[in-house]
Each structure stands twice: as structure tokens, then as C-alpha cells.
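Data block for start25.tsv (TSV, C-alpha atoms):
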```tsv
chain	number	residue	atom	x	y	z
A	1	MET	CA	-1.45	-13.83	-10.07
A	2	THR	CA	1.61	-12.40	-8.32
A	3	PHE	CA	3.83	-15.23	-7.13
A	4	ALA	CA	6.08	-15.01	-4.07
A	5	ASN	CA	9.23	-17.08	-3.69
A	6	VAL	CA	11.08	-16.75	-0.41
A	7	GLY	CA	14.11	-18.83	0.45
A	8	THR	CA	17.03	-19.40	2.74
A	9	LEU	CA	20.30	-20.51	1.18
A	10	GLY	CA	22.83	-22.08	3.52
A	11	THR	CA	26.39	-21.19	2.62
A	12	VAL	CA	29.76	-22.76	3.24
A	13	PRO	CA	31.04	-20.99	6.39
A	14	GLY	CA	32.74	-17.73	5.49
A	15	ARG	CA	31.41	-17.53	1.95
A	16	ARG	CA	28.08	-15.82	2.61
A	17	ASP	CA	29.17	-12.42	1.33
A	18	GLU	CA	30.43	-13.93	-1.94
A	19	LEU	CA	26.94	-15.32	-2.49
A	20	VAL	CA	25.37	-11.97	-1.61
A	21	ALA	CA	27.63	-10.26	-4.16
A	22	LEU	CA	26.65	-12.80	-6.81
A	23	LEU	CA	22.91	-12.53	-6.12
A	24	THR	CA	22.90	-8.72	-6.00
A	25	ARG	CA	24.80	-8.30	-9.27
A	26	PRO	CA	22.50	-6.09	-11.42
A	27	ARG	CA	20.39	-8.21	-13.80
A	28	SER	CA	17.91	-6.11	-15.74
A	29	GLU	CA	16.72	-9.21	-17.62
A	30	LEU	CA	14.95	-10.34	-14.45
A	31	ALA	CA	12.58	-7.38	-14.52
A	32	ALA	CA	12.12	-7.84	-18.26
A	33	ILE	CA	10.93	-11.42	-17.67
A	34	GLY	CA	8.47	-10.49	-14.89
A	35	CYS	CA	10.41	-10.13	-11.67
A	36	LEU	CA	8.68	-7.48	-9.54
A	37	LEU	CA	10.87	-7.67	-6.44
A	38	TYR	CA	14.09	-9.49	-5.55
A	39	GLU	CA	15.47	-8.67	-2.13
A	40	VAL	CA	18.66	-10.32	-0.88
A	41	GLY	CA	19.45	-10.23	2.80
A	42	VAL	CA	21.30	-11.51	5.81
A	43	SER	CA	20.69	-11.94	9.52
A	44	GLU	CA	23.13	-11.59	12.40
A	45	ASP	CA	21.43	-14.61	13.96
A	46	GLU	CA	22.36	-16.84	11.00
A	47	PRO	CA	25.84	-15.91	9.72
A	48	ASP	CA	25.95	-18.70	7.11
A	49	VAL	CA	22.60	-18.05	5.46
A	50	VAL	CA	21.55	-15.77	2.60
A	51	PHE	CA	17.86	-14.88	2.40
A	52	VAL	CA	15.97	-14.05	-0.77
A	53	ALA	CA	12.45	-12.71	-1.12
A	54	GLU	CA	11.10	-12.48	-4.62
A	55	LEU	CA	7.82	-11.43	-6.23
A	56	TRP	CA	7.05	-12.43	-9.81
A	57	GLU	CA	4.20	-11.57	-12.18
A	58	SER	CA	3.36	-15.29	-12.10
A	59	ALA	CA	4.77	-18.66	-11.14
A	60	GLU	CA	5.45	-19.18	-14.85
A	61	ALA	CA	7.57	-16.01	-15.01
A	62	HIS	CA	9.62	-17.30	-12.11
A	63	GLN	CA	9.99	-20.69	-13.73
A	64	SER	CA	11.06	-19.23	-17.09
A	65	SER	CA	13.68	-17.07	-15.37
A	66	LEU	CA	15.51	-20.25	-14.39
A	67	ALA	CA	16.16	-20.86	-18.09
A	68	LEU	CA	17.86	-17.49	-18.62
A	69	PRO	CA	21.57	-17.94	-19.51
A	70	SER	CA	22.62	-15.37	-16.88
A	71	VAL	CA	20.59	-17.13	-14.19
A	72	LYS	CA	21.96	-20.53	-15.17
A	73	ALA	CA	25.47	-19.07	-14.99
A	74	ALA	CA	24.78	-17.53	-11.58
A	75	ILE	CA	23.44	-20.84	-10.25
A	76	ALA	CA	26.58	-22.61	-11.47
A	77	GLN	CA	28.79	-19.93	-9.86
A	78	ALA	CA	26.81	-20.18	-6.62
A	79	ARG	CA	27.04	-23.95	-6.30
A	80	PRO	CA	30.50	-24.09	-4.59
A	81	LEU	CA	29.36	-21.41	-2.12
A	82	LEU	CA	26.32	-23.40	-0.96
A	83	SER	CA	26.19	-25.80	1.97
A	84	GLY	CA	23.23	-27.64	0.47
A	85	VAL	CA	20.91	-26.68	3.31
A	86	MET	CA	18.05	-24.74	1.79
A	87	ASP	CA	14.48	-23.95	2.71
A	88	GLY	CA	11.76	-21.68	1.53
A	89	LEU	CA	8.14	-21.02	0.88
A	90	ARG	CA	6.05	-20.09	-2.11
A	91	PHE	CA	2.61	-18.55	-2.34
A	92	GLU	CA	0.18	-16.72	-4.58
A	93	VAL	CA	-0.49	-13.12	-3.49
A	94	VAL	CA	-4.17	-12.40	-2.86
A	95	GLY	CA	-3.98	-8.90	-1.46
A	96	SER	CA	-2.32	-6.27	0.68
A	97	PRO	CA	-3.43	-3.83	3.37
A	98	LEU	CA	-1.32	-1.27	1.48
A	99	ARG	CA	-3.63	-1.49	-1.56
A	100	ALA	CA	-7.23	-0.35	-1.73
A	101	SER	CA	-8.63	-3.74	-2.69
A	102	PRO	CA	-7.36	-7.33	-2.84
A	103	SER	CA	-5.27	-7.47	-6.02
A	104	SER	CA	-4.88	-10.71	-7.95
B	1	MET	CA	18.29	-0.84	6.77
B	2	THR	CA	15.27	-2.37	5.06
B	3	PHE	CA	13.88	-5.18	7.21
B	4	ALA	CA	12.05	-8.22	5.83
B	5	ASN	CA	9.52	-10.18	7.86
B	6	VAL	CA	8.07	-13.27	6.21
B	7	GLY	CA	5.71	-15.60	7.99
B	8	THR	CA	3.33	-18.48	7.75
B	9	LEU	CA	0.18	-18.36	9.88
B	10	GLY	CA	-1.60	-21.67	10.44
B	11	THR	CA	-5.37	-21.26	10.57
B	12	VAL	CA	-8.18	-23.26	12.06
B	13	PRO	CA	-9.41	-25.45	9.17
B	14	GLY	CA	-11.90	-23.57	7.02
B	15	ARG	CA	-11.11	-20.13	8.39
B	16	ARG	CA	-8.16	-19.19	6.15
B	17	ASP	CA	-10.14	-16.80	3.98
B	18	GLU	CA	-11.44	-14.93	7.02
B	19	LEU	CA	-7.84	-14.31	8.06
B	20	VAL	CA	-6.94	-13.22	4.52
B	21	ALA	CA	-9.84	-10.72	4.58
B	22	LEU	CA	-8.68	-9.38	7.94
B	23	LEU	CA	-5.04	-9.03	6.88
B	24	THR	CA	-5.84	-7.40	3.53
B	25	ARG	CA	-8.19	-4.80	4.99
B	26	PRO	CA	-6.75	-1.44	3.84
B	27	ARG	CA	-4.57	0.11	6.55
B	28	SER	CA	-2.86	3.29	5.35
B	29	GLU	CA	-1.29	3.76	8.78
B	30	LEU	CA	1.09	0.90	7.99
B	31	ALA	CA	2.72	2.82	5.17
B	32	ALA	CA	2.78	5.93	7.33
B	33	ILE	CA	4.78	4.08	9.97
B	34	GLY	CA	7.33	2.64	7.52
B	35	CYS	CA	5.80	-0.41	5.86
B	36	LEU	CA	7.19	-0.65	2.33
B	37	LEU	CA	5.51	-3.89	1.28
B	38	TYR	CA	2.91	-6.19	2.82
B	39	GLU	CA	1.83	-9.09	0.65
B	40	VAL	CA	-0.72	-11.62	1.87
B	41	GLY	CA	-1.03	-14.93	0.11
B	42	VAL	CA	-2.14	-18.53	-0.01
B	43	SER	CA	-0.96	-21.77	-1.52
B	44	GLU	CA	-3.00	-24.65	-2.90
B	45	ASP	CA	-0.51	-26.98	-1.28
B	46	GLU	CA	-1.30	-25.65	2.22
B	47	PRO	CA	-5.05	-24.88	2.49
B	48	ASP	CA	-4.89	-23.92	6.18
B	49	VAL	CA	-2.01	-21.45	5.98
B	50	VAL	CA	-1.86	-17.72	5.27
B	51	PHE	CA	1.47	-16.35	4.11
B	52	VAL	CA	2.71	-12.81	4.69
B	53	ALA	CA	5.79	-11.13	3.23
B	54	GLU	CA	6.58	-7.70	4.57
B	55	LEU	CA	9.31	-5.12	4.02
B	56	TRP	CA	9.80	-2.30	6.51
B	57	GLU	CA	12.05	0.75	6.56
B	58	SER	CA	13.68	-0.81	9.62
B	59	ALA	CA	13.19	-3.48	12.25
B	60	GLU	CA	12.16	-0.65	14.59
B	61	ALA	CA	9.40	0.46	12.20
B	62	HIS	CA	8.07	-3.09	12.17
B	63	GLN	CA	8.27	-3.31	15.96
B	64	SER	CA	6.46	0.02	16.45
B	65	SER	CA	3.67	-1.07	14.09
B	66	LEU	CA	2.73	-3.75	16.61
B	67	ALA	CA	1.74	-0.97	19.02
B	68	LEU	CA	-0.71	0.63	16.58
B	69	PRO	CA	-4.32	0.37	17.88
B	70	SER	CA	-5.55	-0.96	14.51
B	71	VAL	CA	-2.83	-3.65	14.46
B	72	LYS	CA	-3.56	-4.64	18.07
B	73	ALA	CA	-7.25	-4.89	17.17
B	74	ALA	CA	-6.47	-7.00	14.10
B	75	ILE	CA	-4.26	-9.34	16.14
B	76	ALA	CA	-7.08	-9.78	18.66
B	77	GLN	CA	-9.59	-10.44	15.86
B	78	ALA	CA	-7.20	-12.91	14.24
B	79	ARG	CA	-6.56	-14.95	17.37
B	80	PRO	CA	-9.65	-17.25	17.12
B	81	LEU	CA	-8.81	-17.93	13.46
B	82	LEU	CA	-5.28	-19.15	14.20
B	83	SER	CA	-4.24	-22.74	14.84
B	84	GLY	CA	-1.18	-21.63	16.78
B	85	VAL	CA	1.22	-23.14	14.25
B	86	MET	CA	3.38	-20.32	12.96
B	87	ASP	CA	6.78	-19.98	11.36
B	88	GLY	CA	8.75	-17.33	9.62
B	89	LEU	CA	12.02	-15.67	8.89
B	90	ARG	CA	13.46	-12.20	9.27
B	91	PHE	CA	16.40	-10.55	7.59
B	92	GLU	CA	18.06	-7.26	6.78
B	93	VAL	CA	18.08	-6.42	3.06
B	94	VAL	CA	21.55	-5.83	1.65
B	95	GLY	CA	20.76	-5.51	-2.03
B	96	SER	CA	18.87	-6.53	-5.14
B	97	PRO	CA	19.75	-7.49	-8.70
B	98	LEU	CA	16.92	-5.16	-9.71
B	99	ARG	CA	18.80	-2.15	-8.33
B	100	ALA	CA	22.00	-0.71	-9.73
B	101	SER	CA	23.98	-1.06	-6.50
B	102	PRO	CA	23.47	-2.84	-3.17
B	103	SER	CA	21.06	-0.59	-1.25
B	104	SER	CA	21.12	-0.45	2.55
```
The structure in this file should be written as C-alpha cells.
Amino acid sequence: MTFANVGTLGTVPGRRDELVALLTRPRSELAAIGCLLYEVGVSEDEPDVVFVAELWESAEAHQSSLALPSVKAAIAQARPLLSGVMDGLRFEVVGSPLRASPSS
Amino acid sequence: MTFANVGTLGTVPGRRDELVALLTRPRSELAAIGCLLYEVGVSEDEPDVVFVAELWESAEAHQSSLALPSVKAAIAQARPLLSGVMDGLRFEVVGSPLRASPSS
């Protein structure tokens, strides 16, 4: 079942764009391991927050991505940029009005 | 700029699946007006919540979708299913590790 992982990553003031650059660095291994969508974004209303919206082939695919050397390295690089304030939500996709029938 | 709208819709206990059915009813007019992605989902951890994750060509495209007769009708149909507890986040997409370079 397609798994959605959406999060907000608080950053140290002034370091948001460094985190954006890190998260948007091309990583083809993510698609290879089952990442369907990985959008990184910002909002004028929250200058010290980076948003991520991800879709994965399954929760397991998402989980296994965290063990990838490149992802571990990115997490380590990101750590000094983060304020520690994080939030998010996760869900299993059950359908879409853009598709003919509810997909699993 | 691609606009992301992610939300959680609290439902009246026991009526979550009715809301899922309503939200996943095929609506080709959404794509026609600039909807790039519209995923509806659930989580075992939150039995009375429906999750939506949407991507739009722009915030304006999202805004104009709310004026579509079919969307207005769906909102009216959804109202009795909702608990009133809602949350969400919105952001502008600035890139993706799945794309060669940061897209606007």
C-alpha cells in the first residue's frame, strides 16, 4: 500500500536554505528503493521550517531508505541545521479522485 | 510554483469510510484545473481521521478549485461526516531529490 510521510523540519534561524539544498540534492537511490514522490518546500509564513511530502511504495520501503548510506550521511549533515522542532503525519493511501478507482 | 496542501480531516466516529468514498470519487475536473496529485489516506493509529495530500500547479489553482460546482457539492456532502477537528500544512515546492535540479 502506498505510504505517505509528510513532515515539518524546524531549522536553526537562517539555515533553512542549507537544509533545502541538502534535501534536494539528487538521489536516484531513493526511487530505486521505492520512493514515488519526495517534494521539499518552504512557506513564507514559516521562515525557519522546511516541509517534506513523500510517497513510498510501502512503509517498509520508507523504513529501509533510512538505512541507505547516503540517507544516513544526509541526516548527519542535516543535524546541525535543525532546531529540534519537528512534526509530521503518516498515512496509508486508499485512493485518489484523480484515478479511476481507489488504488491500494 | 507547485503548491502543496496537506490536511487531516477529523470525522464523526464511524463515518471515516464514507468520507474516503466521497473524496476518492473520480473528478477529472481537478486535473483540468491544475491538480497534480490528490492522495486520500487513513491510518490505523487514528481511526476517525482522513488524510489528504495534494499538489497543485499553484496556490491559485488550488483556490480556484474550491469554486468548482462539484467541489462545492462534495464539501456540502462532507459536512455532516466531519467532526470539525481539522489541521494541515501548506507549502511551496522548491525541489526534489528525485529530480535532477530544484524545480520551481
Superposed chain B (on chain A, all in-order C-alpha pairs) as a PDB file with C-alpha atoms, in the frame of the given file:
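As written to disk, part_9.pdb reads:
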```
ATOM      1  CA  MET B   1      -1.457 -13.852 -10.084  1.00  0.00           C
ATOM      2  CA  THR B   2       1.576 -12.404  -8.327  1.00  0.00           C
ATOM      3  CA  PHE B   3       3.819 -15.229  -7.126  1.00  0.00           C
ATOM      4  CA  ALA B   4       6.077 -15.011  -4.068  1.00  0.00           C
ATOM      5  CA  ASN B   5       9.219 -17.097  -3.693  1.00  0.00           C
ATOM      6  CA  VAL B   6      11.085 -16.751  -0.411  1.00  0.00           C
ATOM      7  CA  GLY B   7      14.111 -18.826   0.428  1.00  0.00           C
ATOM      8  CA  THR B   8      17.015 -19.400   2.721  1.00  0.00           C
ATOM      9  CA  LEU B   9      20.311 -20.495   1.169  1.00  0.00           C
ATOM     10  CA  GLY B  10      22.833 -22.086   3.523  1.00  0.00           C
ATOM     11  CA  THR B  11      26.405 -21.185   2.612  1.00  0.00           C
ATOM     12  CA  VAL B  12      29.755 -22.761   3.247  1.00  0.00           C
ATOM     13  CA  PRO B  13      31.049 -20.985   6.383  1.00  0.00           C
ATOM     14  CA  GLY B  14      32.763 -17.729   5.477  1.00  0.00           C
ATOM     15  CA  ARG B  15      31.421 -17.529   1.942  1.00  0.00           C
ATOM     16  CA  ARG B  16      28.070 -15.815   2.606  1.00  0.00           C
ATOM     17  CA  ASP B  17      29.175 -12.423   1.335  1.00  0.00           C
ATOM     18  CA  GLU B  18      30.417 -13.918  -1.928  1.00  0.00           C
ATOM     19  CA  LEU B  19      26.936 -15.327  -2.497  1.00  0.00           C
ATOM     20  CA  VAL B  20      25.364 -11.972  -1.601  1.00  0.00           C
ATOM     21  CA  ALA B  21      27.626 -10.255  -4.170  1.00  0.00           C
ATOM     22  CA  LEU B  22      26.648 -12.807  -6.809  1.00  0.00           C
ATOM     23  CA  LEU B  23      22.914 -12.532  -6.119  1.00  0.00           C
ATOM     24  CA  THR B  24      22.892  -8.723  -6.004  1.00  0.00           C
ATOM     25  CA  ARG B  25      24.782  -8.291  -9.269  1.00  0.00           C
ATOM     26  CA  PRO B  26      22.500  -6.093 -11.424  1.00  0.00           C
ATOM     27  CA  ARG B  27      20.405  -8.212 -13.795  1.00  0.00           C
ATOM     28  CA  SER B  28      17.896  -6.110 -15.735  1.00  0.00           C
ATOM     29  CA  GLU B  29      16.722  -9.207 -17.602  1.00  0.00           C
ATOM     30  CA  LEU B  30      14.948 -10.341 -14.435  1.00  0.00           C
ATOM     31  CA  ALA B  31      12.582  -7.393 -14.510  1.00  0.00           C
ATOM     32  CA  ALA B  32      12.121  -7.865 -18.239  1.00  0.00           C
ATOM     33  CA  ILE B  33      10.939 -11.423 -17.662  1.00  0.00           C
ATOM     34  CA  GLY B  34       8.471 -10.518 -14.892  1.00  0.00           C
ATOM     35  CA  CYS B  35      10.405 -10.128 -11.651  1.00  0.00           C
ATOM     36  CA  LEU B  36       8.653  -7.491  -9.546  1.00  0.00           C
ATOM     37  CA  LEU B  37      10.853  -7.682  -6.456  1.00  0.00           C
ATOM     38  CA  TYR B  38      14.074  -9.483  -5.558  1.00  0.00           C
ATOM     39  CA  GLU B  39      15.473  -8.684  -2.139  1.00  0.00           C
ATOM     40  CA  VAL B  40      18.654 -10.323  -0.880  1.00  0.00           C
ATOM     41  CA  GLY B  41      19.452 -10.233   2.795  1.00  0.00           C
ATOM     42  CA  VAL B  42      21.302 -11.515   5.818  1.00  0.00           C
ATOM     43  CA  SER B  43      20.677 -11.936   9.506  1.00  0.00           C
ATOM     44  CA  GLU B  44      23.103 -11.600  12.398  1.00  0.00           C
ATOM     45  CA  ASP B  45      21.419 -14.601  13.950  1.00  0.00           C
ATOM     46  CA  GLU B  46      22.347 -16.850  10.997  1.00  0.00           C
ATOM     47  CA  PRO B  47      25.838 -15.912   9.709  1.00  0.00           C
ATOM     48  CA  ASP B  48      25.953 -18.701   7.107  1.00  0.00           C
ATOM     49  CA  VAL B  49      22.600 -18.042   5.447  1.00  0.00           C
ATOM     50  CA  VAL B  50      21.541 -15.773   2.589  1.00  0.00           C
ATOM     51  CA  PHE B  51      17.869 -14.882   2.405  1.00  0.00           C
ATOM     52  CA  VAL B  52      15.967 -14.052  -0.773  1.00  0.00           C
ATOM     53  CA  ALA B  53      12.430 -12.706  -1.111  1.00  0.00           C
ATOM     54  CA  GLU B  54      11.086 -12.485  -4.622  1.00  0.00           C
ATOM     55  CA  LEU B  55       7.808 -11.441  -6.227  1.00  0.00           C
ATOM     56  CA  TRP B  56       7.038 -12.424  -9.809  1.00  0.00           C
ATOM     57  CA  GLU B  57       4.199 -11.580 -12.174  1.00  0.00           C
ATOM     58  CA  SER B  58       3.365 -15.289 -12.100  1.00  0.00           C
ATOM     59  CA  ALA B  59       4.769 -18.663 -11.135  1.00  0.00           C
ATOM     60  CA  GLU B  60       5.447 -19.178 -14.852  1.00  0.00           C
ATOM     61  CA  ALA B  61       7.560 -16.004 -15.012  1.00  0.00           C
ATOM     62  CA  HIS B  62       9.623 -17.293 -12.104  1.00  0.00           C
ATOM     63  CA  GLN B  63       9.972 -20.712 -13.730  1.00  0.00           C
ATOM     64  CA  SER B  64      11.053 -19.230 -17.083  1.00  0.00           C
ATOM     65  CA  SER B  65      13.682 -17.071 -15.359  1.00  0.00           C
ATOM     66  CA  LEU B  66      15.509 -20.256 -14.392  1.00  0.00           C
ATOM     67  CA  ALA B  67      16.169 -20.863 -18.095  1.00  0.00           C
ATOM     68  CA  LEU B  68      17.867 -17.492 -18.613  1.00  0.00           C
ATOM     69  CA  PRO B  69      21.584 -17.940 -19.493  1.00  0.00           C
ATOM     70  CA  SER B  70      22.626 -15.360 -16.867  1.00  0.00           C
ATOM     71  CA  VAL B  71      20.582 -17.132 -14.162  1.00  0.00           C
ATOM     72  CA  LYS B  72      21.976 -20.539 -15.157  1.00  0.00           C
ATOM     73  CA  ALA B  73      25.481 -19.064 -14.987  1.00  0.00           C
ATOM     74  CA  ALA B  74      24.791 -17.538 -11.570  1.00  0.00           C
ATOM     75  CA  ILE B  75      23.435 -20.846 -10.249  1.00  0.00           C
ATOM     76  CA  ALA B  76      26.587 -22.603 -11.464  1.00  0.00           C
ATOM     77  CA  GLN B  77      28.794 -19.931  -9.862  1.00  0.00           C
ATOM     78  CA  ALA B  78      26.815 -20.174  -6.627  1.00  0.00           C
ATOM     79  CA  ARG B  79      27.053 -23.943  -6.301  1.00  0.00           C
ATOM     80  CA  PRO B  80      30.514 -24.090  -4.597  1.00  0.00           C
ATOM     81  CA  LEU B  81      29.374 -21.419  -2.121  1.00  0.00           C
ATOM     82  CA  LEU B  82      26.327 -23.386  -0.964  1.00  0.00           C
ATOM     83  CA  SER B  83      26.195 -25.793   1.964  1.00  0.00           C
ATOM     84  CA  GLY B  84      23.245 -27.639   0.463  1.00  0.00           C
ATOM     85  CA  VAL B  85      20.927 -26.663   3.312  1.00  0.00           C
ATOM     86  CA  MET B  86      18.050 -24.746   1.785  1.00  0.00           C
ATOM     87  CA  ASP B  87      14.480 -23.956   2.715  1.00  0.00           C
ATOM     88  CA  GLY B  88      11.766 -21.686   1.529  1.00  0.00           C
ATOM     89  CA  LEU B  89       8.144 -21.021   0.878  1.00  0.00           C
ATOM     90  CA  ARG B  90       6.038 -20.095  -2.116  1.00  0.00           C
ATOM     91  CA  PHE B  91       2.614 -18.542  -2.340  1.00  0.00           C
ATOM     92  CA  GLU B  92       0.179 -16.717  -4.572  1.00  0.00           C
ATOM     93  CA  VAL B  93      -0.510 -13.126  -3.487  1.00  0.00           C
ATOM     94  CA  VAL B  94      -4.178 -12.402  -2.857  1.00  0.00           C
ATOM     95  CA  GLY B  95      -3.965  -8.904  -1.448  1.00  0.00           C
ATOM     96  CA  SER B  96      -2.319  -6.263   0.697  1.00  0.00           C
ATOM     97  CA  PRO B  97      -3.422  -3.815   3.372  1.00  0.00           C
ATOM     98  CA  LEU B  98      -1.331  -1.265   1.478  1.00  0.00           C
ATOM     99  CA  ARG B  99      -3.631  -1.508  -1.547  1.00  0.00           C
ATOM    100  CA  ALA B 100      -7.224  -0.349  -1.691  1.00  0.00           C
ATOM    101  CA  SER B 101      -8.640  -3.734  -2.699  1.00  0.00           C
ATOM    102  CA  PRO B 102      -7.321  -7.305  -2.846  1.00  0.00           C
ATOM    103  CA  SER B 103      -5.235  -7.416  -6.039  1.00  0.00           C
ATOM    104  CA  SER B 104      -4.829 -10.650  -7.999  1.00  0.00           C
TER     105      SER B 104
END
```
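Among B:Gln63, B:Thr2, B:Gln77, B:Ser28, the residue with the shortest atom-to-atom distance to chain A, counting all atoms listed in the file, is B:Ser28.
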How would you write as a PDB file with C-alpha atoms, keeping the file's coordinate frame the residues that get within 12 Å of (31.5, -19.9, 6.5) in the file's frame, counting all atoms listed in the file?
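Written output follows (point34.pdb):
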```
ATOM      1  CA  GLY A  10      22.830 -22.080   3.520  1.00  0.00           C
ATOM      2  CA  THR A  11      26.390 -21.190   2.620  1.00  0.00           C
ATOM      3  CA  VAL A  12      29.760 -22.760   3.240  1.00  0.00           C
ATOM      4  CA  PRO A  13      31.040 -20.990   6.390  1.00  0.00           C
ATOM      5  CA  GLY A  14      32.740 -17.730   5.490  1.00  0.00           C
ATOM      6  CA  ARG A  15      31.410 -17.530   1.950  1.00  0.00           C
ATOM      7  CA  ARG A  16      28.080 -15.820   2.610  1.00  0.00           C
ATOM      8  CA  ASP A  17      29.170 -12.420   1.330  1.00  0.00           C
ATOM      9  CA  GLU A  18      30.430 -13.930  -1.940  1.00  0.00           C
ATOM     10  CA  LEU A  19      26.940 -15.320  -2.490  1.00  0.00           C
ATOM     11  CA  GLU A  46      22.360 -16.840  11.000  1.00  0.00           C
ATOM     12  CA  PRO A  47      25.840 -15.910   9.720  1.00  0.00           C
ATOM     13  CA  ASP A  48      25.950 -18.700   7.110  1.00  0.00           C
ATOM     14  CA  VAL A  49      22.600 -18.050   5.460  1.00  0.00           C
ATOM     15  CA  VAL A  50      21.550 -15.770   2.600  1.00  0.00           C
ATOM     16  CA  PRO A  80      30.500 -24.090  -4.590  1.00  0.00           C
ATOM     17  CA  LEU A  81      29.360 -21.410  -2.120  1.00  0.00           C
ATOM     18  CA  LEU A  82      26.320 -23.400  -0.960  1.00  0.00           C
ATOM     19  CA  SER A  83      26.190 -25.800   1.970  1.00  0.00           C
TER      20      SER A  83
END
```
Residue contacts of range 91-97 of chain A (9 Å, all atoms listed in the file) excluding same-chain residues fewer than 3 positions away, as number ranges by chain:
A: 1-6, 55, 58-59, 100-104; B: 20-28, 30, 37-44, 50-52
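You can rank A:Gly34, A:Lys72, A:Ala53, A:Leu9 by their closest distance to chain B using all atoms listed in the file, and at the top of that list sits A:Ala53.
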Compare A:Ala78, A:Cys35, A:Leu66, A:Ala61 by their minimum atom-to-atom distance to chain B, counting only C-alpha atoms, and give me the closest one.
A:Cys35
Is it possible to add N, CA and C atoms to range 12-27 of chain B and hand it back as a PDB file, in the coordinates of the input?
```pdb
ATOM      1  N   VAL B  12      -7.209 -22.214  11.738  1.00  0.00           N
ATOM      2  CA  VAL B  12      -8.180 -23.260  12.060  1.00  0.00           C
ATOM      3  C   VAL B  12      -8.785 -23.694  10.724  1.00  0.00           C
ATOM      4  N   PRO B  13      -8.890 -25.000  10.460  1.00  0.00           N
ATOM      5  CA  PRO B  13      -9.410 -25.450   9.170  1.00  0.00           C
ATOM      6  C   PRO B  13     -10.688 -24.720   8.770  1.00  0.00           C
ATOM      7  N   GLY B  14     -10.705 -24.235   7.538  1.00  0.00           N
ATOM      8  CA  GLY B  14     -11.900 -23.570   7.020  1.00  0.00           C
ATOM      9  C   GLY B  14     -11.966 -22.081   7.271  1.00  0.00           C
ATOM     10  N   ARG B  15     -11.018 -21.547   8.056  1.00  0.00           N
ATOM     11  CA  ARG B  15     -11.110 -20.130   8.390  1.00  0.00           C
ATOM     12  C   ARG B  15      -9.992 -19.281   7.752  1.00  0.00           C
ATOM     13  N   ARG B  16      -9.271 -19.910   6.798  1.00  0.00           N
ATOM     14  CA  ARG B  16      -8.160 -19.190   6.150  1.00  0.00           C
ATOM     15  C   ARG B  16      -8.628 -17.897   5.493  1.00  0.00           C
ATOM     16  N   ASP B  17      -9.716 -17.971   4.760  1.00  0.00           N
ATOM     17  CA  ASP B  17     -10.140 -16.800   3.980  1.00  0.00           C
ATOM     18  C   ASP B  17     -10.591 -15.648   4.888  1.00  0.00           C
ATOM     19  N   GLU B  18     -11.090 -15.997   6.068  1.00  0.00           N
ATOM     20  CA  GLU B  18     -11.440 -14.930   7.020  1.00  0.00           C
ATOM     21  C   GLU B  18     -10.171 -14.192   7.448  1.00  0.00           C
ATOM     22  N   LEU B  19      -9.107 -14.951   7.651  1.00  0.00           N
ATOM     23  CA  LEU B  19      -7.840 -14.310   8.060  1.00  0.00           C
ATOM     24  C   LEU B  19      -7.274 -13.473   6.903  1.00  0.00           C
ATOM     25  N   VAL B  20      -7.401 -13.990   5.681  1.00  0.00           N
ATOM     26  CA  VAL B  20      -6.940 -13.220   4.520  1.00  0.00           C
ATOM     27  C   VAL B  20      -7.707 -11.887   4.457  1.00  0.00           C
ATOM     28  N   ALA B  21      -9.024 -11.944   4.642  1.00  0.00           N
ATOM     29  CA  ALA B  21      -9.840 -10.720   4.580  1.00  0.00           C
ATOM     30  C   ALA B  21      -9.409  -9.722   5.648  1.00  0.00           C
ATOM     31  N   LEU B  22      -9.107 -10.245   6.831  1.00  0.00           N
ATOM     32  CA  LEU B  22      -8.680  -9.380   7.940  1.00  0.00           C
ATOM     33  C   LEU B  22      -7.327  -8.727   7.619  1.00  0.00           C
ATOM     34  N   LEU B  23      -6.403  -9.530   7.115  1.00  0.00           N
ATOM     35  CA  LEU B  23      -5.040  -9.030   6.880  1.00  0.00           C
ATOM     36  C   LEU B  23      -4.963  -8.098   5.662  1.00  0.00           C
ATOM     37  N   THR B  24      -5.897  -8.235   4.734  1.00  0.00           N
ATOM     38  CA  THR B  24      -5.840  -7.400   3.530  1.00  0.00           C
ATOM     39  C   THR B  24      -6.732  -6.170   3.635  1.00  0.00           C
ATOM     40  N   ARG B  25      -7.380  -6.008   4.788  1.00  0.00           N
ATOM     41  CA  ARG B  25      -8.190  -4.800   4.990  1.00  0.00           C
ATOM     42  C   ARG B  25      -7.262  -3.586   4.883  1.00  0.00           C
ATOM     43  N   PRO B  26      -7.646  -2.591   4.042  1.00  0.00           N
ATOM     44  CA  PRO B  26      -6.750  -1.440   3.840  1.00  0.00           C
ATOM     45  C   PRO B  26      -6.377  -0.762   5.157  1.00  0.00           C
ATOM     46  N   ARG B  27      -5.076  -0.527   5.315  1.00  0.00           N
ATOM     47  CA  ARG B  27      -4.570   0.110   6.550  1.00  0.00           C
ATOM     48  C   ARG B  27      -3.468   1.103   6.166  1.00  0.00           C
TER      49      ARG B  27
END
```
